[in-house]
>>> print(open('work.pdb').read())   # PDB, C-alpha atoms and all ligand atoms
MODEL        1
ATOM      1  CA  MET A   1      74.200 -81.448 155.373
ATOM      2  CA  GLU A   2      75.599 -78.760 157.613
ATOM      3  CA  ASN A   3      79.202 -78.612 158.734
ATOM      4  CA  GLY A   4      79.998 -79.141 162.419
ATOM      5  CA  ALA A   5      77.404 -78.852 165.212
ATOM      6  CA  ALA A   6      73.787 -78.163 164.250
ATOM      7  CA  GLN A   7      72.565 -74.627 164.969
ATOM      8  CA  PRO A   8      69.956 -74.464 167.731
ATOM      9  CA  VAL A   9      66.432 -74.085 166.397
ATOM     10  CA  ILE A  10      64.091 -71.604 168.082
ATOM     11  CA  VAL A  11      60.349 -72.228 167.766
ATOM     12  CA  ALA A  12      57.674 -69.781 168.988
ATOM     13  CA  ILE A  13      54.130 -71.074 169.510
ATOM     14  CA  ASP A  14      51.450 -68.534 170.407
ATOM     15  CA  GLY A  15      47.673 -68.445 170.608
ATOM     16  CA  PRO A  16      44.736 -68.127 172.981
ATOM     17  CA  SER A  17      43.845 -70.512 175.778
ATOM     18  CA  GLY A  18      42.854 -74.075 174.888
ATOM     19  CA  THR A  19      44.213 -74.057 171.346
ATOM     20  CA  GLY A  20      46.730 -76.785 172.238
ATOM     21  CA  LYS A  21      49.910 -74.752 172.780
ATOM     22  CA  SER A  22      51.206 -76.616 175.842
ATOM     23  CA  SER A  23      50.423 -80.148 174.681
ATOM     24  CA  THR A  24      51.731 -79.497 171.186
ATOM     25  CA  SER A  25      54.883 -77.662 172.289
ATOM     26  CA  ARG A  26      55.820 -80.297 174.845
ATOM     27  CA  ALA A  27      55.341 -83.175 172.433
ATOM     28  CA  VAL A  28      57.205 -81.446 169.595
ATOM     29  CA  ALA A  29      60.123 -80.611 171.899
ATOM     30  CA  ALA A  30      60.240 -84.188 173.226
ATOM     31  CA  GLN A  31      60.156 -85.704 169.728
ATOM     32  CA  LEU A  32      62.871 -83.427 168.385
ATOM     33  CA  GLY A  33      65.162 -83.348 171.439
ATOM     34  CA  LEU A  34      64.532 -79.651 172.143
ATOM     35  CA  SER A  35      63.925 -77.776 175.388
ATOM     36  CA  TYR A  36      60.431 -76.580 176.261
ATOM     37  CA  LEU A  37      59.298 -73.392 177.987
ATOM     38  CA  ASP A  38      55.728 -72.707 179.152
ATOM     39  CA  THR A  39      55.709 -68.916 179.551
ATOM     40  CA  GLY A  40      52.119 -68.946 180.826
ATOM     41  CA  ALA A  41      53.409 -70.904 183.834
ATOM     42  CA  GLN A  42      55.847 -68.052 184.553
ATOM     43  CA  TYR A  43      53.053 -65.443 184.495
ATOM     44  CA  ARG A  44      50.960 -67.728 186.655
ATOM     45  CA  ALA A  45      53.892 -68.125 189.072
ATOM     46  CA  ILE A  46      54.385 -64.385 189.546
ATOM     47  CA  THR A  47      50.599 -64.021 189.972
ATOM     48  CA  TRP A  48      50.635 -66.769 192.636
ATOM     49  CA  TRP A  49      53.388 -64.863 194.463
ATOM     50  CA  MET A  50      51.382 -61.600 194.336
ATOM     51  CA  VAL A  51      48.280 -63.333 195.703
ATOM     52  CA  THR A  52      50.236 -65.181 198.405
ATOM     53  CA  ASN A  53      51.904 -61.958 199.526
ATOM     54  CA  GLY A  54      48.666 -59.981 199.691
ATOM     55  CA  ILE A  55      49.465 -57.599 196.833
ATOM     56  CA  ASP A  56      46.376 -55.769 195.521
ATOM     57  CA  ILE A  57      45.840 -57.180 192.020
ATOM     58  CA  GLU A  58      43.751 -54.125 191.088
ATOM     59  CA  ASP A  59      46.728 -51.827 191.724
ATOM     60  CA  PRO A  60      49.297 -51.895 188.868
ATOM     61  CA  THR A  61      51.623 -49.549 190.794
ATOM     62  CA  ALA A  62      51.746 -51.946 193.756
ATOM     63  CA  ILE A  63      52.402 -54.880 191.398
ATOM     64  CA  ALA A  64      55.131 -52.970 189.550
ATOM     65  CA  ALA A  65      56.887 -52.057 192.798
ATOM     66  CA  VAL A  66      57.444 -55.714 193.738
ATOM     67  CA  ALA A  67      57.717 -57.315 190.273
ATOM     68  CA  GLY A  68      61.450 -57.891 190.733
ATOM     69  CA  LYS A  69      61.147 -59.695 194.080
ATOM     70  CA  PRO A  70      60.167 -63.329 193.412
ATOM     71  CA  GLU A  71      62.807 -65.630 191.977
ATOM     72  CA  ILE A  72      61.119 -67.682 189.260
ATOM     73  CA  LEU A  73      62.894 -70.740 187.876
ATOM     74  CA  SER A  74      61.647 -72.851 184.971
ATOM     75  CA  GLY A  75      62.940 -76.346 184.241
ATOM     76  CA  THR A  76      62.854 -76.846 180.457
ATOM     77  CA  ASP A  77      62.972 -80.650 180.072
ATOM     78  CA  PRO A  78      59.803 -81.503 178.081
ATOM     79  CA  ALA A  79      59.591 -84.857 179.873
ATOM     80  CA  ALA A  80      59.322 -83.113 183.256
ATOM     81  CA  PRO A  81      58.899 -79.325 183.099
ATOM     82  CA  THR A  82      59.159 -77.608 186.486
ATOM     83  CA  ILE A  83      58.348 -74.201 187.941
ATOM     84  CA  THR A  84      59.499 -72.853 191.299
ATOM     85  CA  VAL A  85      59.138 -69.533 193.102
ATOM     86  CA  ASP A  86      61.827 -68.796 195.684
ATOM     87  CA  GLY A  87      62.591 -72.515 195.739
ATOM     88  CA  THR A  88      58.979 -73.661 196.253
ATOM     89  CA  ASP A  89      57.411 -75.996 193.671
ATOM     90  CA  VAL A  90      54.294 -74.150 192.487
ATOM     91  CA  ALA A  91      53.245 -76.411 189.590
ATOM     92  CA  GLY A  92      49.955 -77.241 191.381
ATOM     93  CA  PRO A  93      49.064 -73.887 193.019
ATOM     94  CA  ILE A  94      49.484 -71.894 189.770
ATOM     95  CA  ARG A  95      46.574 -73.805 188.174
ATOM     96  CA  THR A  96      43.904 -72.776 190.708
ATOM     97  CA  GLN A  97      40.820 -70.847 189.538
ATOM     98  CA  GLU A  98      41.974 -67.899 191.657
ATOM     99  CA  VAL A  99      45.315 -67.597 189.848
ATOM    100  CA  THR A 100      43.632 -68.168 186.460
ATOM    101  CA  ALA A 101      41.173 -65.341 187.172
ATOM    102  CA  LYS A 102      43.942 -62.916 188.207
ATOM    103  CA  VAL A 103      46.780 -63.707 185.812
ATOM    104  CA  SER A 104      45.663 -61.384 182.990
ATOM    105  CA  ALA A 105      45.706 -58.332 185.292
ATOM    106  CA  VAL A 106      49.167 -59.129 186.643
ATOM    107  CA  SER A 107      50.627 -59.956 183.235
ATOM    108  CA  ALA A 108      49.398 -56.651 181.792
ATOM    109  CA  VAL A 109      51.785 -54.682 184.058
ATOM    110  CA  PRO A 110      54.807 -53.564 181.967
ATOM    111  CA  GLU A 111      57.311 -54.152 184.807
ATOM    112  CA  VAL A 112      56.094 -57.746 185.131
ATOM    113  CA  ARG A 113      56.432 -58.310 181.386
ATOM    114  CA  ALA A 114      59.930 -56.799 181.272
ATOM    115  CA  ARG A 115      61.062 -59.080 184.093
ATOM    116  CA  ILE A 116      59.554 -62.273 182.657
ATOM    117  CA  THR A 117      60.620 -61.477 179.086
ATOM    118  CA  GLU A 118      64.228 -61.196 180.250
ATOM    119  CA  LEU A 119      64.018 -64.638 181.911
ATOM    120  CA  GLN A 120      62.577 -66.088 178.701
ATOM    121  CA  ARG A 121      65.273 -64.627 176.464
ATOM    122  CA  THR A 122      68.032 -65.843 178.789
ATOM    123  CA  LEU A 123      66.628 -69.386 178.750
ATOM    124  CA  ALA A 124      66.178 -69.396 174.966
ATOM    125  CA  ALA A 125      69.739 -68.175 174.429
ATOM    126  CA  SER A 126      71.207 -70.878 176.644
ATOM    127  CA  THR A 127      69.882 -74.003 174.891
ATOM    128  CA  GLU A 128      72.210 -76.180 172.854
ATOM    129  CA  GLN A 129      69.769 -77.961 170.544
ATOM    130  CA  GLY A 130      67.067 -75.338 170.581
ATOM    131  CA  ILE A 131      63.785 -74.675 172.330
ATOM    132  CA  VAL A 132      60.041 -74.547 171.827
ATOM    133  CA  VAL A 133      58.655 -71.518 173.671
ATOM    134  CA  GLU A 134      54.889 -71.165 173.991
ATOM    135  CA  GLY A 135      52.815 -68.180 175.074
ATOM    136  CA  ARG A 136      51.018 -65.108 173.789
ATOM    137  CA  ASP A 137      53.758 -62.715 172.614
ATOM    138  CA  ILE A 138      56.705 -64.968 171.813
ATOM    139  CA  GLY A 139      56.695 -64.454 168.041
ATOM    140  CA  THR A 140      55.879 -60.739 168.251
ATOM    141  CA  THR A 141      57.998 -59.553 171.184
ATOM    142  CA  VAL A 142      60.073 -62.095 173.114
ATOM    143  CA  LEU A 143      61.785 -63.886 170.217
ATOM    144  CA  PRO A 144      61.024 -61.915 167.041
ATOM    145  CA  ASP A 145      63.922 -63.677 165.268
ATOM    146  CA  ALA A 146      62.618 -67.200 165.999
ATOM    147  CA  ASP A 147      63.292 -69.703 163.198
ATOM    148  CA  LEU A 148      59.663 -70.761 163.132
ATOM    149  CA  LYS A 149      56.543 -69.040 164.454
ATOM    150  CA  ILE A 150      53.236 -70.847 164.822
ATOM    151  CA  PHE A 151      49.928 -69.249 165.826
ATOM    152  CA  LEU A 152      47.362 -71.796 166.998
ATOM    153  CA  THR A 153      43.655 -71.010 166.907
ATOM    154  CA  ALA A 154      40.419 -72.952 167.543
ATOM    155  CA  SER A 155      36.761 -72.051 167.956
ATOM    156  CA  PRO A 156      35.738 -70.871 171.458
ATOM    157  CA  GLU A 157      33.427 -73.923 171.663
ATOM    158  CA  ALA A 158      36.255 -76.379 170.978
ATOM    159  CA  ARG A 159      38.571 -74.593 173.400
ATOM    160  CA  ALA A 160      35.974 -74.499 176.166
ATOM    161  CA  ALA A 161      35.154 -78.188 175.660
ATOM    162  CA  ARG A 162      38.851 -79.090 175.931
ATOM    163  CA  ARG A 163      39.376 -76.968 179.050
ATOM    164  CA  SER A 164      36.272 -78.180 180.871
ATOM    165  CA  GLY A 165      37.353 -81.730 180.076
ATOM    166  CA  GLU A 166      40.494 -80.996 182.119
ATOM    167  CA  LEU A 167      38.801 -79.120 184.966
ATOM    168  CA  LYS A 168      36.563 -81.870 186.234
ATOM    169  CA  GLY A 169      33.129 -80.572 187.141
ATOM    170  CA  ALA A 170      33.519 -77.239 185.296
ATOM    171  CA  ASP A 171      30.646 -76.649 182.899
ATOM    172  CA  VAL A 172      31.416 -75.758 179.277
ATOM    173  CA  ARG A 173      29.369 -72.549 179.264
ATOM    174  CA  SER A 174      31.072 -70.860 182.207
ATOM    175  CA  THR A 175      34.476 -72.111 181.022
ATOM    176  CA  ARG A 176      33.758 -70.580 177.602
ATOM    177  CA  GLU A 177      32.814 -67.234 179.192
ATOM    178  CA  ALA A 178      35.954 -67.200 181.344
ATOM    179  CA  LEU A 179      38.132 -68.019 178.307
ATOM    180  CA  ILE A 180      36.590 -65.251 176.207
ATOM    181  CA  LYS A 181      37.079 -62.751 179.044
ATOM    182  CA  ARG A 182      40.754 -63.722 179.438
ATOM    183  CA  ASP A 183      41.348 -63.590 175.648
ATOM    184  CA  ALA A 184      39.847 -60.092 175.540
ATOM    185  CA  ALA A 185      42.057 -58.876 178.406
ATOM    186  CA  ASP A 186      45.186 -60.489 176.919
ATOM    187  CA  SER A 187      44.478 -59.128 173.424
ATOM    188  CA  SER A 188      43.667 -55.566 174.481
ATOM    189  CA  ARG A 189      46.491 -54.792 176.914
ATOM    190  CA  LYS A 190      48.949 -52.080 175.830
ATOM    191  CA  THR A 191      52.199 -53.976 176.405
ATOM    192  CA  SER A 192      52.789 -56.913 174.042
ATOM    193  CA  PRO A 193      49.232 -58.190 173.700
ATOM    194  CA  LEU A 194      48.256 -61.632 172.459
ATOM    195  CA  ALA A 195      48.777 -61.322 168.691
ATOM    196  CA  LYS A 196      49.836 -63.275 165.637
ATOM    197  CA  ALA A 197      53.198 -62.221 164.234
ATOM    198  CA  ASP A 198      53.040 -61.247 160.546
ATOM    199  CA  ASP A 199      55.404 -64.103 159.673
ATOM    200  CA  ALA A 200      53.682 -66.767 161.807
ATOM    201  CA  VAL A 201      52.047 -69.857 160.301
ATOM    202  CA  GLU A 202      48.434 -70.011 161.506
ATOM    203  CA  VAL A 203      47.039 -73.461 162.295
ATOM    204  CA  ASP A 204      43.329 -73.788 163.113
ATOM    205  CA  THR A 205      43.133 -76.829 165.406
ATOM    206  CA  THR A 206      39.327 -76.955 165.740
ATOM    207  CA  GLU A 207      38.914 -79.990 163.501
ATOM    208  CA  LEU A 208      42.353 -81.530 164.080
ATOM    209  CA  THR A 209      43.371 -84.144 166.613
ATOM    210  CA  LEU A 210      46.277 -83.326 168.900
ATOM    211  CA  ALA A 211      48.364 -85.931 167.026
ATOM    212  CA  GLN A 212      47.676 -84.136 163.727
ATOM    213  CA  VAL A 213      48.708 -80.764 165.155
ATOM    214  CA  ILE A 214      51.911 -82.256 166.556
ATOM    215  CA  GLU A 215      52.738 -83.884 163.238
ATOM    216  CA  CYS A 216      52.111 -80.634 161.369
ATOM    217  CA  VAL A 217      54.431 -78.648 163.669
ATOM    218  CA  VAL A 218      57.149 -81.358 163.685
ATOM    219  CA  THR A 219      57.172 -81.270 159.878
ATOM    220  CA  LEU A 220      57.485 -77.474 159.842
ATOM    221  CA  VAL A 221      60.379 -77.566 162.355
ATOM    222  CA  GLU A 222      62.171 -80.282 160.395
ATOM    223  CA  GLU A 223      61.881 -78.218 157.225
ATOM    224  CA  LYS A 224      63.393 -75.203 158.986
ATOM    225  CA  ARG A 225      66.194 -77.311 160.449
ATOM    226  CA  ALA A 226      67.037 -78.777 157.057
ATOM    227  CA  ALA A 227      67.223 -75.285 155.559
ATOM    228  CA  LYS A 228      69.543 -73.894 158.278
TER     229      LYS A 228
HETATM  230  N1  LIG A 301      43.697 -80.715 168.653
HETATM  231  C1  LIG A 301      43.182 -81.088 169.818
HETATM  232  N2  LIG A 301      42.068 -81.840 169.873
HETATM  233  C2  LIG A 301      41.523 -82.200 171.034
HETATM  234  N3  LIG A 301      42.021 -81.887 172.247
HETATM  235  C3  LIG A 301      43.128 -81.154 172.271
HETATM  236  C4  LIG A 301      43.769 -80.706 171.069
HETATM  237  N4  LIG A 301      44.853 -79.982 171.419
HETATM  238  C5  LIG A 301      44.887 -79.963 172.766
HETATM  239  N5  LIG A 301      43.862 -80.680 173.287
HETATM  240  C6  LIG A 301      43.529 -80.848 174.715
HETATM  241  O1  LIG A 301      42.972 -79.614 175.143
HETATM  242  C7  LIG A 301      43.425 -79.284 176.443
HETATM  243  C8  LIG A 301      44.088 -77.922 176.420
HETATM  244  O2  LIG A 301      45.302 -78.003 175.670
HETATM  245  P1  LIG A 301      46.586 -77.160 176.038
HETATM  246  O3  LIG A 301      47.716 -77.731 175.275
HETATM  247  O4  LIG A 301      46.741 -77.022 177.522
HETATM  248  O5  LIG A 301      46.170 -75.726 175.421
HETATM  249  P2  LIG A 301      46.792 -74.291 175.680
HETATM  250  O6  LIG A 301      48.209 -74.487 176.155
HETATM  251  O7  LIG A 301      46.735 -73.607 174.346
HETATM  252  O8  LIG A 301      45.923 -73.632 176.684
HETATM  253  C9  LIG A 301      44.337 -80.427 176.876
HETATM  254  O9  LIG A 301      43.585 -81.316 177.666
HETATM  255  C10 LIG A 301      44.745 -81.082 175.576
HETATM  256  O10 LIG A 301      45.015 -82.450 175.719
HETATM  257  N1  LIG A 302      53.625 -65.111 176.800
HETATM  258  C1  LIG A 302      52.588 -65.028 177.657
HETATM  259  C2  LIG A 302      52.042 -66.192 178.247
HETATM  260  C3  LIG A 302      51.003 -66.054 179.128
HETATM  261  N2  LIG A 302      50.542 -64.817 179.454
HETATM  262  C4  LIG A 302      49.510 -64.608 180.473
HETATM  263  O1  LIG A 302      49.421 -65.762 181.287
HETATM  264  C5  LIG A 302      48.083 -66.271 181.277
HETATM  265  C6  LIG A 302      48.117 -67.765 181.485
HETATM  266  O2  LIG A 302      48.712 -68.371 180.350
HETATM  267  P1  LIG A 302      48.592 -69.928 180.113
HETATM  268  O3  LIG A 302      49.306 -70.208 178.834
HETATM  269  O4  LIG A 302      49.002 -70.677 181.319
HETATM  270  O5  LIG A 302      47.053 -70.100 179.948
HETATM  271  P2  LIG A 302      46.245 -71.335 179.422
HETATM  272  O6  LIG A 302      46.027 -71.003 177.981
HETATM  273  O7  LIG A 302      47.092 -72.560 179.551
HETATM  274  O8  LIG A 302      45.016 -71.347 180.236
HETATM  275  C7  LIG A 302      47.471 -65.736 179.996
HETATM  276  O9  LIG A 302      46.053 -65.652 180.048
HETATM  277  C8  LIG A 302      48.128 -64.367 179.875
HETATM  278  O10 LIG A 302      47.474 -63.411 180.709
HETATM  279  C9  LIG A 302      51.074 -63.699 178.845
HETATM  280  O11 LIG A 302      50.640 -62.592 179.123
HETATM  281  N3  LIG A 302      52.092 -63.830 177.964
ENDMDL
END
>>> encode(input="work.pdb", output="structure tokens", more="lines below")
Ligand SMILES: Nc1ncnc2c1ncn2[C@@H]1O[C@H](COP(=O)(O)OP(=O)(O)O)[C@@H](O)[C@H]1O
Ligand SMILES: Nc1ccn([C@@H]2O[C@H](COP(=O)(O)OP(=O)(O)O)[C@@H](O)[C@H]2O)c(=O)n1
Amino acid sequence: MENGAAQPVIVAIDGPSGTGKSSTSRAVAAQLGLSYLDTGAQYRAITWWMVTNGIDIEDPTAIAAVAGKPEILSGTDPAAPTITVDGTDVAGPIRTQEVTAKVSAVSAVPEVRARITELQRTLAASTEQGIVVEGRDIGTTVLPDADLKIFLTASPEARAARRSGELKGADVRSTREALIKRDAADSSRKTSPLAKADDAVEVDTTELTLAQVIECVVTLVEEKRAAK
């Protein structure tokens, strides 16, 4: 057993859309008494602000010029995560098809990434028990010294089926095409693309239930905690 207070544990969970990052990260954080940060929600929030303020999404220079303007706040309680922009609750508006279609272009702009990465590092450094941070570049760029890095994968078919199950009325084929397009944009951008860190544990969730993925990650975190 360790002496004194336990060291905070930092967990990075990355992977493409629909692999189970959000559901797994939230549940793991809740079970282990850790904070939870959905970094995709932050990129969606800044994209929502750009759209709402009429910024041309095709113009990286215009995006860069205003990247510092919106104040983005993330609440990290896994039981009730929150996201606000300049004091407005944007949890609903950031999930629209319009924001989803535009988020990859906005999040590819280096000034946007620098801004959001700083917010993420500040939040991670301020937790007492530790935090589960999920996204695309957490293990590679945001928190390269994380105690545990997980990279979730799943077949495009499984991911599309999961996503279209959420978006009522969306057909699996067009959801699959949109996912593949977003993966390609996120993986090919110059600044911190979607990538597996060399020291990440890869978990293919295609044939696993959500409960099995959660259990697998909880076990890995507990092992890391015990070794600290
Ligand atoms: N292993 C799994 N098996 C079946 N459904 C899953 C699994 N993991 C997640 N889901 C479901 O798939 C959807 C997308 O999961 P989510 O956690 O939002 O993925 P991501 O954050 O990677 O985009 C959710 O409805 C979730 O409940
Ligand atoms: N760490 C991160 C997280 C998200 N993102 C961007 O934000 C988008 C939305 O992320 P998300 O996690 O909400 O996406 P879903 O997988 O939930 O659909 C991604 O497609 C990326 O363009 C990023 O660039 N870096």
>>> atom_distance(input="work.pdb", atom1="atom CA of Lys228 of chain A", atom2="atom CA of Ala6 of chain A")
8.5 Å
>>> closest_atom_pairs(input="work.pdb", of="chain A", to="ligand LIG 301 (chain A)", cutoff="8 Å", atoms="all atoms listed in the file", output="JSON lines")
{"residue": "A:Asp14", "atom": "CA", "partner": "A:LIG301", "partner_atom": "O7", "distance": 8.0}
{"residue": "A:Gly15", "atom": "CA", "partner": "A:LIG301", "partner_atom": "O7", "distance": 6.4}
{"residue": "A:Pro16", "atom": "CA", "partner": "A:LIG301", "partner_atom": "O7", "distance": 6.0}
{"residue": "A:Ser17", "atom": "CA", "partner": "A:LIG301", "partner_atom": "O8", "distance": 3.9}
{"residue": "A:Gly18", "atom": "CA", "partner": "A:LIG301", "partner_atom": "O8", "distance": 3.6}
{"residue": "A:Thr19", "atom": "CA", "partner": "A:LIG301", "partner_atom": "O7", "distance": 3.9}
{"residue": "A:Gly20", "atom": "CA", "partner": "A:LIG301", "partner_atom": "O3", "distance": 3.3}
{"residue": "A:Lys21", "atom": "CA", "partner": "A:LIG301", "partner_atom": "O7", "distance": 3.7}
{"residue": "A:Ser22", "atom": "CA", "partner": "A:LIG301", "partner_atom": "O6", "distance": 3.7}
{"residue": "A:Ser23", "atom": "CA", "partner": "A:LIG301", "partner_atom": "O3", "distance": 3.7}
{"residue": "A:Thr24", "atom": "CA", "partner": "A:LIG301", "partner_atom": "O3", "distance": 6.0}
{"residue": "A:Ser25", "atom": "CA", "partner": "A:LIG301", "partner_atom": "O3", "distance": 7.8}
{"residue": "A:Glu134", "atom": "CA", "partner": "A:LIG301", "partner_atom": "O6", "distance": 7.8}
{"residue": "A:Gly135", "atom": "CA", "partner": "A:LIG301", "partner_atom": "O6", "distance": 7.9}
{"residue": "A:Leu152", "atom": "CA", "partner": "A:LIG301", "partner_atom": "O7", "distance": 7.6}
{"residue": "A:Ala158", "atom": "CA", "partner": "A:LIG301", "partner_atom": "C2", "distance": 7.9}
{"residue": "A:Arg159", "atom": "CA", "partner": "A:LIG301", "partner_atom": "O1", "distance": 6.9}
{"residue": "A:Ala161", "atom": "CA", "partner": "A:LIG301", "partner_atom": "O1", "distance": 8.0}
{"residue": "A:Arg162", "atom": "CA", "partner": "A:LIG301", "partner_atom": "O1", "distance": 4.2}
{"residue": "A:Arg163", "atom": "CA", "partner": "A:LIG301", "partner_atom": "C7", "distance": 5.3}
{"residue": "A:Gly165", "atom": "CA", "partner": "A:LIG301", "partner_atom": "O9", "distance": 6.7}
{"residue": "A:Glu166", "atom": "CA", "partner": "A:LIG301", "partner_atom": "O9", "distance": 5.4}
{"residue": "A:Thr205", "atom": "CA", "partner": "A:LIG301", "partner_atom": "N1", "distance": 5.1}
{"residue": "A:Thr206", "atom": "CA", "partner": "A:LIG301", "partner_atom": "N1", "distance": 6.5}
{"residue": "A:Glu207", "atom": "CA", "partner": "A:LIG301", "partner_atom": "N1", "distance": 7.1}
{"residue": "A:Leu208", "atom": "CA", "partner": "A:LIG301", "partner_atom": "N1", "distance": 4.8}
{"residue": "A:Thr209", "atom": "CA", "partner": "A:LIG301", "partner_atom": "N1", "distance": 4.0}
{"residue": "A:Leu210", "atom": "CA", "partner": "A:LIG301", "partner_atom": "N1", "distance": 3.7}
{"residue": "A:Ala211", "atom": "CA", "partner": "A:LIG301", "partner_atom": "N1", "distance": 7.2}
{"residue": "A:Gln212", "atom": "CA", "partner": "A:LIG301", "partner_atom": "N1", "distance": 7.2}
{"residue": "A:Val213", "atom": "CA", "partner": "A:LIG301", "partner_atom": "N1", "distance": 6.1}
>>> residues_near_point(input="work.pdb", point="(64.0, -60.9, 183.4)", cutoff="12 Å", atoms="only C-alpha atoms", output="NGL selection string")
:A and (42-43 or 46 or 67-73 or 110-123 or 142)
>>> resolve_selection(input="work.pdb", expression="the PyMOL selection byres (((chain A and resi 190) around 12) and not hetatm)", output="list in words")
Ala105, Ser107, Ala108, Val109, Pro110, Arg113, Ala185, Asp186, Ser187, Ser188, Arg189, Thr191, Ser192, Pro193, Leu194 and Ala195 of chain A
>>> atom_distance(input="work.pdb", atom1="atom N3 of ligand LIG 302 (chain A)", atom2="atom CA of Lys102 of chain A")
13.1 Å
>>> closest_residue(input="work.pdb", among="A:Ala62, A:Ile180, A:Pro78, A:Ala154", to="Val28 of chain A", atoms="all atoms listed in the file")
A:Pro78
>>> closest_residue(input="work.pdb", among="A:Arg136, A:Thr88, A:Ala170, A:Val217", to="ligand LIG 302 (chain A)", atoms="all atoms listed in the file")
A:Arg136
>>> axis_aligned_box(input="work.pdb", around="ligand LIG 302 (chain A)", padding_each_side="5 Å", output="JSON")
{"center_x": 49.3, "center_y": -67.6, "center_z": 179.1, "size_x": 18.6, "size_y": 20.0, "size_z": 14.7}
>>> closest_residue(input="work.pdb", among="A:Val103, A:Leu32, A:Ala124, A:Val201", to="ligand LIG 302 (chain A)", atoms="all atoms listed in the file")
A:Val103
>>> atom_distance(input="work.pdb", atom1="atom CA of Ala200 of chain A", atom2="atom CA of Phe151 of chain A")
6.0 Å
>>> residues_around(input="work.pdb", residues="Thr82 of chain A", least_positions_apart="2", cutoff="12 Å", atoms="only C-alpha atoms", output="PyMOL selection string")
chain A and resi 36-39+41-42+45+72-80+84-85+87-92+94
>>> closest_residue(input="work.pdb", among="A:Ser104, A:Ser174, A:Ser155, A:Thr141", to="ligand LIG 302 (chain A)", atoms="all atoms listed in the file")
A:Ser104
>>> build_atoms(input="work.pdb", residues="segment 131-144 of chain A", atoms="N, CA and C atoms", output="compact mmCIF listing (two decimals), in the frame of the given file")
# COMPACT_ATOMS: atom_id res chain seq x y z
N ILE A 131 64.87 -74.72 171.34
CA ILE A 131 63.78 -74.68 172.33
C ILE A 131 62.45 -74.37 171.65
N VAL A 132 61.40 -74.91 172.23
CA VAL A 132 60.04 -74.55 171.83
C VAL A 132 59.49 -73.69 172.96
N VAL A 133 59.16 -72.45 172.66
CA VAL A 133 58.66 -71.52 173.67
C VAL A 133 57.21 -71.19 173.33
N GLU A 134 56.30 -71.42 174.28
CA GLU A 134 54.89 -71.17 173.99
C GLU A 134 54.32 -70.08 174.88
N GLY A 135 53.42 -69.25 174.29
CA GLY A 135 52.82 -68.18 175.07
C GLY A 135 51.84 -67.35 174.28
N ARG A 136 51.94 -66.03 174.45
CA ARG A 136 51.02 -65.11 173.79
C ARG A 136 51.76 -64.10 172.91
N ASP A 137 53.02 -63.79 173.28
CA ASP A 137 53.76 -62.72 172.61
C ASP A 137 55.17 -63.17 172.24
N ILE A 138 55.34 -64.46 172.07
CA ILE A 138 56.70 -64.97 171.81
C ILE A 138 57.17 -64.56 170.41
N GLY A 139 56.32 -64.79 169.41
CA GLY A 139 56.70 -64.45 168.04
C GLY A 139 56.76 -62.95 167.79
N THR A 140 55.93 -62.19 168.50
CA THR A 140 55.88 -60.74 168.25
C THR A 140 56.93 -59.97 169.04
N THR A 141 57.21 -60.40 170.28
CA THR A 141 58.00 -59.55 171.18
C THR A 141 59.21 -60.26 171.81
N VAL A 142 59.00 -61.45 172.34
CA VAL A 142 60.07 -62.10 173.11
C VAL A 142 61.18 -62.58 172.19
N LEU A 143 60.80 -63.31 171.14
CA LEU A 143 61.78 -63.89 170.22
C LEU A 143 61.40 -63.56 168.77
N PRO A 144 61.47 -62.28 168.39
CA PRO A 144 61.02 -61.92 167.04
C PRO A 144 61.87 -62.55 165.93
